[in-house]
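Data first, discussion second: the structure below is written as structure tokens.
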Number of protein chains: 4
Amino acid sequence: MPGNSFGHTFRITTFGESHGPAIGVVIDGCPAGLELDLDFVQHELDRRRPGQSAIVTQRQEADRVEMLSGVFEGKTTGMPLALLIRNEDAKSKDYSHIADKYRPSHADFTYHAKYGHRDYRGGGRSSARETATRVAAGAVAKLLLKKNGISVTAWVSRVGDIILDKTHDQLDLSQIEATPVRCPDLQIAEQMETLIRQVRREGDTVGGVVSCVVQGCPPGLGEPVFDRLHADLGKAMLSINACKGFEIGDGFDSVTMRGSQHNDAFFSDEDGTVRTRTNHSGGVQGGISNGMEIVFRAAFKPVATIVQAQESVNETGDAVQVEGKGRHDPCVLPRAVPIVEAMAALVLADHLLRNKTVKFNNNGWKD
Amino acid sequence: MPGNSFGHTFRITTFGESHGPAIGVVIDGCPAGLELDLDFVQHELDRRRPGQSAIVTQRQEADRVEMLSGVFEGKTTGMPLALLIRNEDAKSKDYSHIADKYRPSHADFTYHAKYGHRDYRGGGRSSARETATRVAAGAVAKLLLKKNGISVTAWVSRVGDIILDKTHDQLDLSQIEATPVRCPDLQIAEQMETLIRQVRREGDTVGGVVSCVVQGCPPGLGEPVFDRLHADLGKAMLSINACKGFEIGDGFDSVTMRGSQHNDAFFSDEDGTVRTRTNHSGGVQGGISNGMEIVFRAAFKPVATIVQAQESVNETGDAVQVEGKGRHDPCVLPRAVPIVEAMAALVLADHLLRNKTVKFNNNGWKD
Amino acid sequence: MPGNSFGHTFRITTFGESHGPAIGVVIDGCPAGLELDLDFVQHELDRRRPGQSAIVTQRQEADRVEMLSGVFEGKTTGMPLALLIRNEDAKSKDYSHIADKYRPSHADFTYHAKYGHRDYRGGGRSSARETATRVAAGAVAKLLLKKNGISVTAWVSRVGDIILDKTHDQLDLSQIEATPVRCPDLQIAEQMETLIRQVRREGDTVGGVVSCVVQGCPPGLGEPVFDRLHADLGKAMLSINACKGFEIGDGFDSVTMRGSQHNDAFFSDEDGTVRTRTNHSGGVQGGISNGMEIVFRAAFKPVATIVQAQESVNETGDAVQVEGKGRHDPCVLPRAVPIVEAMAALVLADHLLRNKTVKFNNNGWKD
Amino acid sequence: MPGNSFGHTFRITTFGESHGPAIGVVIDGCPAGLELDLDFVQHELDRRRPGQSAIVTQRQEADRVEMLSGVFEGKTTGMPLALLIRNEDAKSKDYSHIADKYRPSHADFTYHAKYGHRDYRGGGRSSARETATRVAAGAVAKLLLKKNGISVTAWVSRVGDIILDKTHDQLDLSQIEATPVRCPDLQIAEQMETLIRQVRREGDTVGGVVSCVVQGCPPGLGEPVFDRLHADLGKAMLSINACKGFEIGDGFDSVTMRGSQHNDAFFSDEDGTVRTRTNHSGGVQGGISNGMEIVFRAAFKPVATIVQAQESVNETGDAVQVEGKGRHDPCVLPRAVPIVEAMAALVLADHLLRNKTVKFNNNGWKD
């Protein structure tokens, strides 16, 4: 069972390497009748695009998306949607000097150990370039979710030691795109940007945290017992390059709490909707959404590509020095924001569809 | 696509409710020829069993496992292994008082919202009783891993504010089973046990952290790009009842580090094996194991069942009070240890098998 | 990827050997709210049961089914349904004489070649005993289909040279169960029964054809391009022991026709429903049901177990003689009828559910 | 669960419509290290290509394949292989006259019923144009099989009433490509071609049978109990446009035989290899290959597109006349040959890989 597909009912399969001819994604299972706004897909890709600001990698890629199938007269037909992005700025010469070297904390060694040979140009398939196809597919998922009143919003809540210690309802989320760093608190965003610039000058990199909130999600999404909604969200986040941690609701902080503090009391609001007074659970209970906002965070380690010289070995086991020369991000966080949103949207779209078959009414389902 | 299966090539499907006739698991894909030590499976179940010590739930279940298929003359045949555990102490009367009430932070409300009706007895399928079948299947996975030199070891590294701040190589892991709390540092274990007893007296519950180390794992396990080894480990942990967070290697702590600090330098050891000088990555790079020890942690919230009275609503939306009467755990951590190990073993066994088909040699695979 | 599961959304996993403790099936994905009539499940099992008449195997199995999970207060809960059948009349001594011999046209040799060792008792998992679990699961599928107005009916249309050359609308399908041979034309049934008795006296076996009609199926079931409805039906039939051929609609006879003869002209009936004047397609066009009756046939070879002595080899390759001693069917056709129905019902239930997610309406799917 | 993927471990996902920008396929799970001969892939596509001879559709498509990913320095890397074919001769104007009409025995009505709207140009995704991507993927599978000594060869054994009544060992299979009709008996091929030309002149179409033999397949491929090798082959064939029947070995003819006639006696040949004296089973026993040649046949109905006027209805249910104007095949059989081979190769490659994980040796699998 290969690992380049994600989702069950809204299912994507991605392909492509950093320096090959193209990257792309096939979405299978998108329902028919969805108005497919290709400009929105492009807009989402532009948010992830390299070269979009001074604090991200300067690789030049227009990332123009081409829709190859599955849309007729502006609407999805229920057939697979194939989206293609040509690689334009694939400078292979940047990488020849590391053809037989294992860059520390990259996938060079593990891919070689697993497959026997590898496309070393820009990391091949292990490059974060692959995430562009996730963003394209996630944009389609967002269009489907939007029709169902569901939105997904992420932002940078931490870079190194600089922390934005506010919840989404204490923030003006419309300010996320106001700065290149994608932190909605503009003062903290400035501090983060300053830190990223400083780290870049040092030829180094820095990690951080992306926070995400899903709004408008109805109760009922998620499946017992393995495909819990937050388990699938966790896998989705951890599958993003450089992500090393995931937590939902109070997450790791919940371990210091008592049950009497952590439990979210139910009440009926003025509309008769069952809600909880607090949301320590982060919108998911028993693995299934409870109608509250879904709140989670993903931790990203510092990018492995640094300019400083590092100790390593080559394919024959000899000690070598590795120096970063390719264009890279000093901090992956700003560009991780649309990727986190995309992966969350893919999980929610999948569970939205999966939830269509779980309840039977006595009249059957004659259409 | 229903959610009661886990894994692709070593694949399990579980069934059963807390107060139904039985729970069980079918393992499909276990290779033929494995000596199946049923006593070991029972031993693992005994580690998870309720009533095993004074600090866990006093529900009485022998959890005797019966092997129904897939073994002949002591060895697996390649056919599905079905393992059955009868429920013995299913006291339904304990739960009638909450038949139409939603217990805070349980799955009562979300299951009802999703399915329209539910087995309210002891939480039905959302009960942690279901995890016994994971432990049974995980024990078989451990037997397979053992034949390949791989072991999985977990312990309690935090209960509430009491933290065991040592890594596995600073600990005597043989002491894990020495105390009912399953923390290998006996002094800290005692503090943890004291805290758990105090919390229980208060009719409350407390959370914590389980740490886990996988030893002997060869390089090459894990699949690009979605089924990264740590993404599957993360999903596995987050699918366990009460788990709200997961991190691998330095995890959330890595966000404050620079790339130059976090990167793990490669070197060749005396045997010519490629290793890393540090292990900030936690044994996984690019989603694939690198031959170092795999190190991760899972955060568990305090158990939702508390004795104290809580505000809630019933199925018709009326305000009600809920009081815990069933037997439950004041702290899930000690019993979570074998569950964490089982889920990790299932992920590793699956990826061990998946890794058999990825590399082609020029002689083909004529058997 | 192991092979003991079938279906995607209505998904079954079966386990168990002919002479092990039990056989069983887990159904995952059955919608919540279905009234589960366990008597009907038992009734279907009784139709397949050995020993039910003089022309089938005389192995004595009550085939009592036990429901272990997934039902509460008479209705499905959306959780996995586990159904268990204990083996009662497992006479292992019948098989010791062929422990190391490969019976011709059985799976003895292929299982040994594949797995290295095998449960030789009664053929182990390769025994048709396994089909009891399909019938149990198929009965649940039939209950779901019935609520949606869909029925599945099979009968024996050929035994050896004796052919029932009538279509379902020329037959009184209520007479299928009137004779042990399950052919609704009572005169032809008598001829078939006579042939089966004669073949049994000769210590031999004979093959035949089962015909099946699905009535009440709405248009729209089936998926492009690989999971066509008839492709999944074909796989379902061919997965039954001894089935060697499948055809839908005019099947192999269609090859002699011209397109102008074979095409089914559309018209609107008095209710405005689109129908076809003929049904050469057998109710499926482009892989998707068109609302007409689905008509297919499955060919079964003569059972491999015969009393006559046969040439063969043993596990070490020595020439040996094999003689049938176990109890077996002289003709599998009568007992194949409920199995064919069960497998067809499983395919239809799966596609019924899969079809719930393919079309989007502009209001979204807010529940 | 959408239906545009096929296979489990060697898994393909296809996309594209007859008159959209492109069609393509992603192969996930092809092992690393396979020399990828793109010329061979193109050669296989040329065998299926329209316009290749006077007896097939005259649509002009070069069907040039572009490899987008997964190959580095001439070898597969273990990453997904994406193959793209641009549509060049997509004359949409040919189809506007049937935009709202349901062509008899096409998928127009069923797609509309299922999805609510459809790409009517050339049948959209239901067009046999989609099979080009199967041939491209199948060519890669053939390369993998070849390295393992396995070949797949198909030919036309029947067109209408003209039958080639010889088995593969009575034929010179090297003559298959000698005539445009792909029947290796040149005299019968001529009769078939004459019939096809006559049928075309009449504005009609005719069906037929493709026979296929797999040579060099080792024992052990196929999985109990649902994923039997011939069940997967059957599904593969029945998923091809216009295929209405499948049989393996003696197939439908086996129903008239006695077990004593049909059973294949085992013997050890001079090399000690276990073989069978006859091959009524067609190389598969108990769903698993037995090392003999795998022999099967697929029945194709006459193509639905005919020039003659036909009765039908439009989307609003009004009676209309439909006349074929597009370019089409009078007989699909010659072009079906490479498609049958491709689908068979995909099944075998998948089972070849799946078979790598089923047997455990006592030394484990330390690599």
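To be explicit about the labels: the chains of the structure tokens are called A, B, and onward in the order shown, and within each one the residues are counted from 1, while ligands get numbers from 1 in the order they are shown.
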
Could you list, with a cut-off of 10 Å and counting only C-alpha atoms, the residues of chain B near chain D, each shown with its nearest atom pair and the distance in Å rounded to one decimal, rows sorted by chain and ascending number, as a Markdown table?
| residue | atom | partner | partner_atom | distance |
| --- | --- | --- | --- | --- |
| B:Met1 | CA | D:Met1 | CA | 6.7 |
| B:His8 | CA | D:His8 | CA | 9.3 |
| B:Thr9 | CA | D:Thr357 | CA | 8.1 |
| B:Phe10 | CA | D:Thr357 | CA | 9.3 |
| B:Gly29 | CA | D:Val358 | CA | 7.0 |
| B:Cys30 | CA | D:Val358 | CA | 7.2 |
| B:Pro31 | CA | D:Val358 | CA | 4.4 |
| B:Ala32 | CA | D:Lys359 | CA | 4.8 |
| B:Gly33 | CA | D:Phe360 | CA | 5.3 |
| B:Leu34 | CA | D:Phe360 | CA | 6.4 |
| B:Glu35 | CA | D:Asn362 | CA | 9.1 |
| B:Thr76 | CA | D:Phe360 | CA | 9.3 |
| B:Thr77 | CA | D:Lys359 | CA | 8.7 |
| B:Gly78 | CA | D:Val358 | CA | 6.3 |
| B:Met79 | CA | D:Pro224 | CA | 7.9 |
| B:Pro80 | CA | D:Pro224 | CA | 9.8 |
| B:Leu144 | CA | D:Gly364 | CA | 8.1 |
| B:Leu145 | CA | D:Gly364 | CA | 8.5 |
| B:Lys146 | CA | D:Gly364 | CA | 8.7 |
| B:Lys147 | CA | D:Gly364 | CA | 5.2 |
| B:Asn148 | CA | D:Gly364 | CA | 4.9 |
| B:Gly149 | CA | D:Lys366 | CA | 8.0 |
| B:Ile150 | CA | D:Lys366 | CA | 10.0 |
| B:Cys217 | CA | D:Lys366 | CA | 9.6 |
| B:Pro218 | CA | D:Lys366 | CA | 7.8 |
| B:Pro219 | CA | D:Asp367 | CA | 9.3 |
| B:Gly220 | CA | D:Asp367 | CA | 9.7 |
| B:Glu223 | CA | D:Met79 | CA | 9.6 |
| B:Pro224 | CA | D:Met79 | CA | 7.9 |
| B:Val225 | CA | D:Met79 | CA | 9.2 |
| B:Leu352 | CA | D:Trp365 | CA | 8.6 |
| B:Leu353 | CA | D:Thr357 | CA | 5.7 |
| B:Arg354 | CA | D:Thr357 | CA | 7.7 |
| B:Asn355 | CA | D:Thr357 | CA | 9.1 |
| B:Lys356 | CA | D:Lys356 | CA | 6.3 |
| B:Thr357 | CA | D:Leu353 | CA | 5.7 |
| B:Val358 | CA | D:Pro31 | CA | 4.4 |
| B:Lys359 | CA | D:Ala32 | CA | 4.8 |
| B:Phe360 | CA | D:Gly33 | CA | 5.3 |
| B:Asn361 | CA | D:Gly33 | CA | 6.7 |
| B:Asn362 | CA | D:Lys147 | CA | 7.4 |
| B:Asn363 | CA | D:Lys147 | CA | 7.0 |
| B:Gly364 | CA | D:Asn148 | CA | 4.9 |
| B:Trp365 | CA | D:Asn148 | CA | 6.0 |
| B:Lys366 | CA | D:Asn148 | CA | 5.8 |
| B:Asp367 | CA | D:Pro218 | CA | 7.8 |

Note to self: From a backbone DSSP assignment, name each residue in region 49-215 of chain A labelled alpha helix (DSSP H), as a ChimeraX atom specification.
What the structure shows: /A:108-115,131-147,186-201

Next item on the list: Please provide as number ranges by chain all residues within 9 Å of region 162-178 of chain A, with the sequence filter that same-chain residues fewer than 5 positions apart are discarded (counting only C-alpha atoms).
Entry: A: 47, 153-157, 183-186, 188-189, 191-192, 195, 208-209, 211-213, 295; B: 256

Item checked: Given only C-alpha atoms as the counted atoms, nearest of B:Ala22, B:Gly282, B:Met237, B:Glu247 to His262 (chain B) -> B:Gly282

Note to self: Quick check for you: according to DSSP on this backbone, which residues of region 121-224 of chain A are classed as strand (DSSP E)? Reply as a VMD selection string.
What the structure shows: chain A and resid 151 to 159 162 to 163 208 to 215

Just write the chosen residues, N, CA and C atoms, as a PDB file, in the first residue's frame.
ATOM      1  N   SER A 151     -15.582  26.918   7.663  1.00  0.00           N
ATOM      2  CA  SER A 151     -14.351  27.613   7.262  1.00  0.00           C
ATOM      3  C   SER A 151     -13.179  27.110   8.083  1.00  0.00           C
ATOM      4  N   VAL A 152     -11.993  27.228   7.505  1.00  0.00           N
ATOM      5  CA  VAL A 152     -10.756  26.798   8.167  1.00  0.00           C
ATOM      6  C   VAL A 152      -9.782  27.972   8.131  1.00  0.00           C
ATOM      7  N   THR A 153      -9.287  28.384   9.304  1.00  0.00           N
ATOM      8  CA  THR A 153      -8.394  29.549   9.363  1.00  0.00           C
ATOM      9  C   THR A 153      -7.197  29.248  10.247  1.00  0.00           C
ATOM     10  N   ALA A 154      -6.009  29.451   9.689  1.00  0.00           N
ATOM     11  CA  ALA A 154      -4.779  29.213  10.455  1.00  0.00           C
ATOM     12  C   ALA A 154      -3.939  30.479  10.502  1.00  0.00           C
ATOM     13  N   TRP A 155      -3.051  30.530  11.465  1.00  0.00           N
ATOM     14  CA  TRP A 155      -2.134  31.656  11.587  1.00  0.00           C
ATOM     15  C   TRP A 155      -0.902  31.224  12.375  1.00  0.00           C
ATOM     16  N   VAL A 156       0.122  32.052  12.307  1.00  0.00           N
ATOM     17  CA  VAL A 156       1.352  31.771  13.043  1.00  0.00           C
ATOM     18  C   VAL A 156       1.193  32.287  14.462  1.00  0.00           C
ATOM     19  N   SER A 157       1.286  31.383  15.438  1.00  0.00           N
ATOM     20  CA  SER A 157       1.116  31.801  16.829  1.00  0.00           C
ATOM     21  C   SER A 157       2.428  31.772  17.602  1.00  0.00           C
ATOM     22  N   ARG A 158       3.469  31.325  16.939  1.00  0.00           N
ATOM     23  CA  ARG A 158       4.761  31.319  17.620  1.00  0.00           C
ATOM     24  C   ARG A 158       5.880  31.203  16.588  1.00  0.00           C
ATOM     25  N   VAL A 159       6.943  31.987  16.801  1.00  0.00           N
ATOM     26  CA  VAL A 159       8.195  31.808  16.050  1.00  0.00           C
ATOM     27  C   VAL A 159       9.309  31.839  17.085  1.00  0.00           C
ATOM     28  N   ILE A 162       9.040  33.862  20.444  1.00  0.00           N
ATOM     29  CA  ILE A 162       8.006  34.904  20.371  1.00  0.00           C
ATOM     30  C   ILE A 162       6.634  34.254  20.236  1.00  0.00           C
ATOM     31  N   ILE A 163       5.818  34.482  21.243  1.00  0.00           N
ATOM     32  CA  ILE A 163       4.556  33.756  21.370  1.00  0.00           C
ATOM     33  C   ILE A 163       3.379  34.711  21.277  1.00  0.00           C
ATOM     34  N   GLY A 208       8.519  27.052  14.955  1.00  0.00           N
ATOM     35  CA  GLY A 208       7.373  27.792  15.465  1.00  0.00           C
ATOM     36  C   GLY A 208       6.115  26.948  15.499  1.00  0.00           C
ATOM     37  N   VAL A 209       5.000  27.629  15.751  1.00  0.00           N
ATOM     38  CA  VAL A 209       3.714  26.945  15.895  1.00  0.00           C
ATOM     39  C   VAL A 209       2.678  27.615  15.001  1.00  0.00           C
ATOM     40  N   VAL A 210       1.870  26.798  14.322  1.00  0.00           N
ATOM     41  CA  VAL A 210       0.698  27.299  13.613  1.00  0.00           C
ATOM     42  C   VAL A 210      -0.532  26.884  14.403  1.00  0.00           C
ATOM     43  N   SER A 211      -1.421  27.847  14.641  1.00  0.00           N
ATOM     44  CA  SER A 211      -2.708  27.553  15.265  1.00  0.00           C
ATOM     45  C   SER A 211      -3.787  27.555  14.195  1.00  0.00           C
ATOM     46  N   CYS A 212      -4.856  26.798  14.443  1.00  0.00           N
ATOM     47  CA  CYS A 212      -5.909  26.704  13.435  1.00  0.00           C
ATOM     48  C   CYS A 212      -7.267  26.581  14.109  1.00  0.00           C
ATOM     49  N   VAL A 213      -8.265  27.229  13.543  1.00  0.00           N
ATOM     50  CA  VAL A 213      -9.628  27.096  14.041  1.00  0.00           C
ATOM     51  C   VAL A 213     -10.551  26.743  12.869  1.00  0.00           C
ATOM     52  N   VAL A 214     -11.434  25.777  13.120  1.00  0.00           N
ATOM     53  CA  VAL A 214     -12.458  25.403  12.146  1.00  0.00           C
ATOM     54  C   VAL A 214     -13.787  25.910  12.675  1.00  0.00           C
ATOM     55  N   GLN A 215     -14.440  26.746  11.905  1.00  0.00           N
ATOM     56  CA  GLN A 215     -15.707  27.328  12.343  1.00  0.00           C
ATOM     57  C   GLN A 215     -16.855  26.836  11.477  1.00  0.00           C
TER      58      GLN A 215
END

Next item on the list: Write out as an MDAnalysis selection string the residues lying within 7 Å of Ala137 (chain B), counting only C-alpha atoms and excluding same-chain residues fewer than 3 positions away.
Entry: chainID B and resid 25 27 133:134 140:141

Margin query: If we count only C-alpha atoms and set the cut-off at 7 Å, which residues sit around region 340-347 of chain C, ignoring sequence neighbours fewer than 2 positions away in its own chain? Please answer as a ChimeraX atom specification.
Written below: /C:7,134-135,138-139,141-142,152-154,232-233,236-237,336-338,349-351

Saved selection, atoms kept: N, CA and C atoms, as a PDB file, in the first residue's frame:
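Below is the file part_22.pdb, written as the result:
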ATOM      1  N   GLY C   7     -15.824  -4.942   0.032  1.00  0.00           N
ATOM      2  CA  GLY C   7     -16.648  -3.738   0.084  1.00  0.00           C
ATOM      3  C   GLY C   7     -15.867  -2.560   0.625  1.00  0.00           C
ATOM      4  N   ARG C 134     -20.354 -15.208   4.713  1.00  0.00           N
ATOM      5  CA  ARG C 134     -20.830 -14.301   3.656  1.00  0.00           C
ATOM      6  C   ARG C 134     -22.354 -14.243   3.668  1.00  0.00           C
ATOM      7  N   VAL C 135     -22.955 -15.427   3.871  1.00  0.00           N
ATOM      8  CA  VAL C 135     -24.419 -15.465   3.892  1.00  0.00           C
ATOM      9  C   VAL C 135     -24.956 -14.673   5.085  1.00  0.00           C
ATOM     10  N   GLY C 138     -24.477 -11.092   4.194  1.00  0.00           N
ATOM     11  CA  GLY C 138     -25.392 -10.777   3.099  1.00  0.00           C
ATOM     12  C   GLY C 138     -26.818 -10.622   3.584  1.00  0.00           C
ATOM     13  N   ALA C 139     -27.182 -11.354   4.612  1.00  0.00           N
ATOM     14  CA  ALA C 139     -28.530 -11.222   5.156  1.00  0.00           C
ATOM     15  C   ALA C 139     -28.736  -9.827   5.732  1.00  0.00           C
ATOM     16  N   ALA C 141     -27.136  -7.182   4.727  1.00  0.00           N
ATOM     17  CA  ALA C 141     -27.209  -6.319   3.538  1.00  0.00           C
ATOM     18  C   ALA C 141     -28.600  -6.369   2.923  1.00  0.00           C
ATOM     19  N   LYS C 142     -29.180  -7.567   2.881  1.00  0.00           N
ATOM     20  CA  LYS C 142     -30.532  -7.699   2.334  1.00  0.00           C
ATOM     21  C   LYS C 142     -31.547  -6.886   3.133  1.00  0.00           C
ATOM     22  N   VAL C 152     -32.999  -9.239  -4.079  1.00  0.00           N
ATOM     23  CA  VAL C 152     -32.034 -10.049  -4.827  1.00  0.00           C
ATOM     24  C   VAL C 152     -32.534 -11.493  -4.821  1.00  0.00           C
ATOM     25  N   THR C 153     -32.690 -12.088  -5.983  1.00  0.00           N
ATOM     26  CA  THR C 153     -33.238 -13.449  -6.075  1.00  0.00           C
ATOM     27  C   THR C 153     -32.421 -14.288  -7.046  1.00  0.00           C
ATOM     28  N   ALA C 154     -31.939 -15.420  -6.555  1.00  0.00           N
ATOM     29  CA  ALA C 154     -31.145 -16.319  -7.400  1.00  0.00           C
ATOM     30  C   ALA C 154     -31.798 -17.688  -7.465  1.00  0.00           C
ATOM     31  N   ASP C 232     -17.882  -5.181 -10.021  1.00  0.00           N
ATOM     32  CA  ASP C 232     -17.890  -5.596  -8.613  1.00  0.00           C
ATOM     33  C   ASP C 232     -18.758  -6.839  -8.411  1.00  0.00           C
ATOM     34  N   LEU C 233     -19.878  -6.927  -9.146  1.00  0.00           N
ATOM     35  CA  LEU C 233     -20.679  -8.156  -9.069  1.00  0.00           C
ATOM     36  C   LEU C 233     -19.864  -9.348  -9.580  1.00  0.00           C
ATOM     37  N   ALA C 236     -17.376 -10.386  -7.063  1.00  0.00           N
ATOM     38  CA  ALA C 236     -18.081 -11.022  -5.935  1.00  0.00           C
ATOM     39  C   ALA C 236     -18.396 -12.475  -6.255  1.00  0.00           C
ATOM     40  N   MET C 237     -18.897 -12.727  -7.466  1.00  0.00           N
ATOM     41  CA  MET C 237     -19.264 -14.099  -7.830  1.00  0.00           C
ATOM     42  C   MET C 237     -18.015 -14.962  -7.977  1.00  0.00           C
ATOM     43  N   ALA C 336     -25.293 -22.979  -3.521  1.00  0.00           N
ATOM     44  CA  ALA C 336     -24.686 -21.742  -4.031  1.00  0.00           C
ATOM     45  C   ALA C 336     -25.704 -20.623  -4.158  1.00  0.00           C
ATOM     46  N   VAL C 337     -26.973 -20.988  -4.267  1.00  0.00           N
ATOM     47  CA  VAL C 337     -28.003 -19.963  -4.469  1.00  0.00           C
ATOM     48  C   VAL C 337     -27.985 -18.891  -3.376  1.00  0.00           C
ATOM     49  N   PRO C 338     -28.079 -19.250  -2.098  1.00  0.00           N
ATOM     50  CA  PRO C 338     -28.035 -18.182  -1.082  1.00  0.00           C
ATOM     51  C   PRO C 338     -26.695 -17.462  -1.025  1.00  0.00           C
ATOM     52  N   ALA C 349     -25.442  -3.171  -1.449  1.00  0.00           N
ATOM     53  CA  ALA C 349     -25.469  -2.350  -0.234  1.00  0.00           C
ATOM     54  C   ALA C 349     -24.292  -1.387  -0.216  1.00  0.00           C
ATOM     55  N   ASP C 350     -23.147  -1.887  -0.629  1.00  0.00           N
ATOM     56  CA  ASP C 350     -21.957  -1.039  -0.671  1.00  0.00           C
ATOM     57  C   ASP C 350     -22.159   0.113  -1.656  1.00  0.00           C
ATOM     58  N   HIS C 351     -22.642  -0.195  -2.829  1.00  0.00           N
ATOM     59  CA  HIS C 351     -22.817   0.859  -3.833  1.00  0.00           C
ATOM     60  C   HIS C 351     -23.979   1.791  -3.487  1.00  0.00           C
TER      61      HIS C 351
END

Next item on the list: Tell me which protein, DNA and RNA residues are within 7 Å of Gln58 (chain C), counting only C-alpha atoms, leaving out same-chain ones fewer than 4 positions away, and put them as a ChimeraX atom specification.
Entry: /C:50-51,327

Next item on the list: Write out as a list in words which residues come within 9 Å of Ile85 (chain D) when counting only C-alpha atoms, dropping same-chain ones fewer than 4 positions away.
Entry: Pro21, Ala22, Ile23, Gly24, Val25, Asp63, Arg64, Val65, Glu66, Ala132 and Thr133 of chain D

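Taking CA of Leu68 (chain C) as the reference point, CA of Ala82 (chain C) is found at 5.2 Å.
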
Next item on the list: Work out how far CA of Asn263 (chain A) is from CA of Gly251 (chain A), in Å to one decimal.
Entry: 13.3 Å

Next item on the list: Would you mind telling me which residue in C:Gly20, C:Thr276, C:Ile248, C:Arg258 lies nearest to Ile196 (chain D) when using only C-alpha atoms?
Entry: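 Counting only C-alpha atoms, the residue closest to Ile196 (chain D) is C:Arg258.
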
Note to self: What's the separation between CA of Pro2 (chain B) and CA of Glu17 (chain C), in Å to one decimal place?
What the structure shows: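 Going from CA of Pro2 (chain B) over to CA of Glu17 (chain C), I get 25.7 Å.
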
Notebook entry, point to check: Using only C-alpha atoms, which residue out of A:Thr13, A:His117, A:His19, A:His106 lies closest to Leu83 (chain A)?
Noted result: A:Thr13

Item checked: From D:Ala298, D:Leu81, D:Leu143, D:Val274, residue lying nearest Glu315 (chain C) [only C-alpha atoms] ->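 Closest residue, counting only C-alpha atoms: D:Val274.
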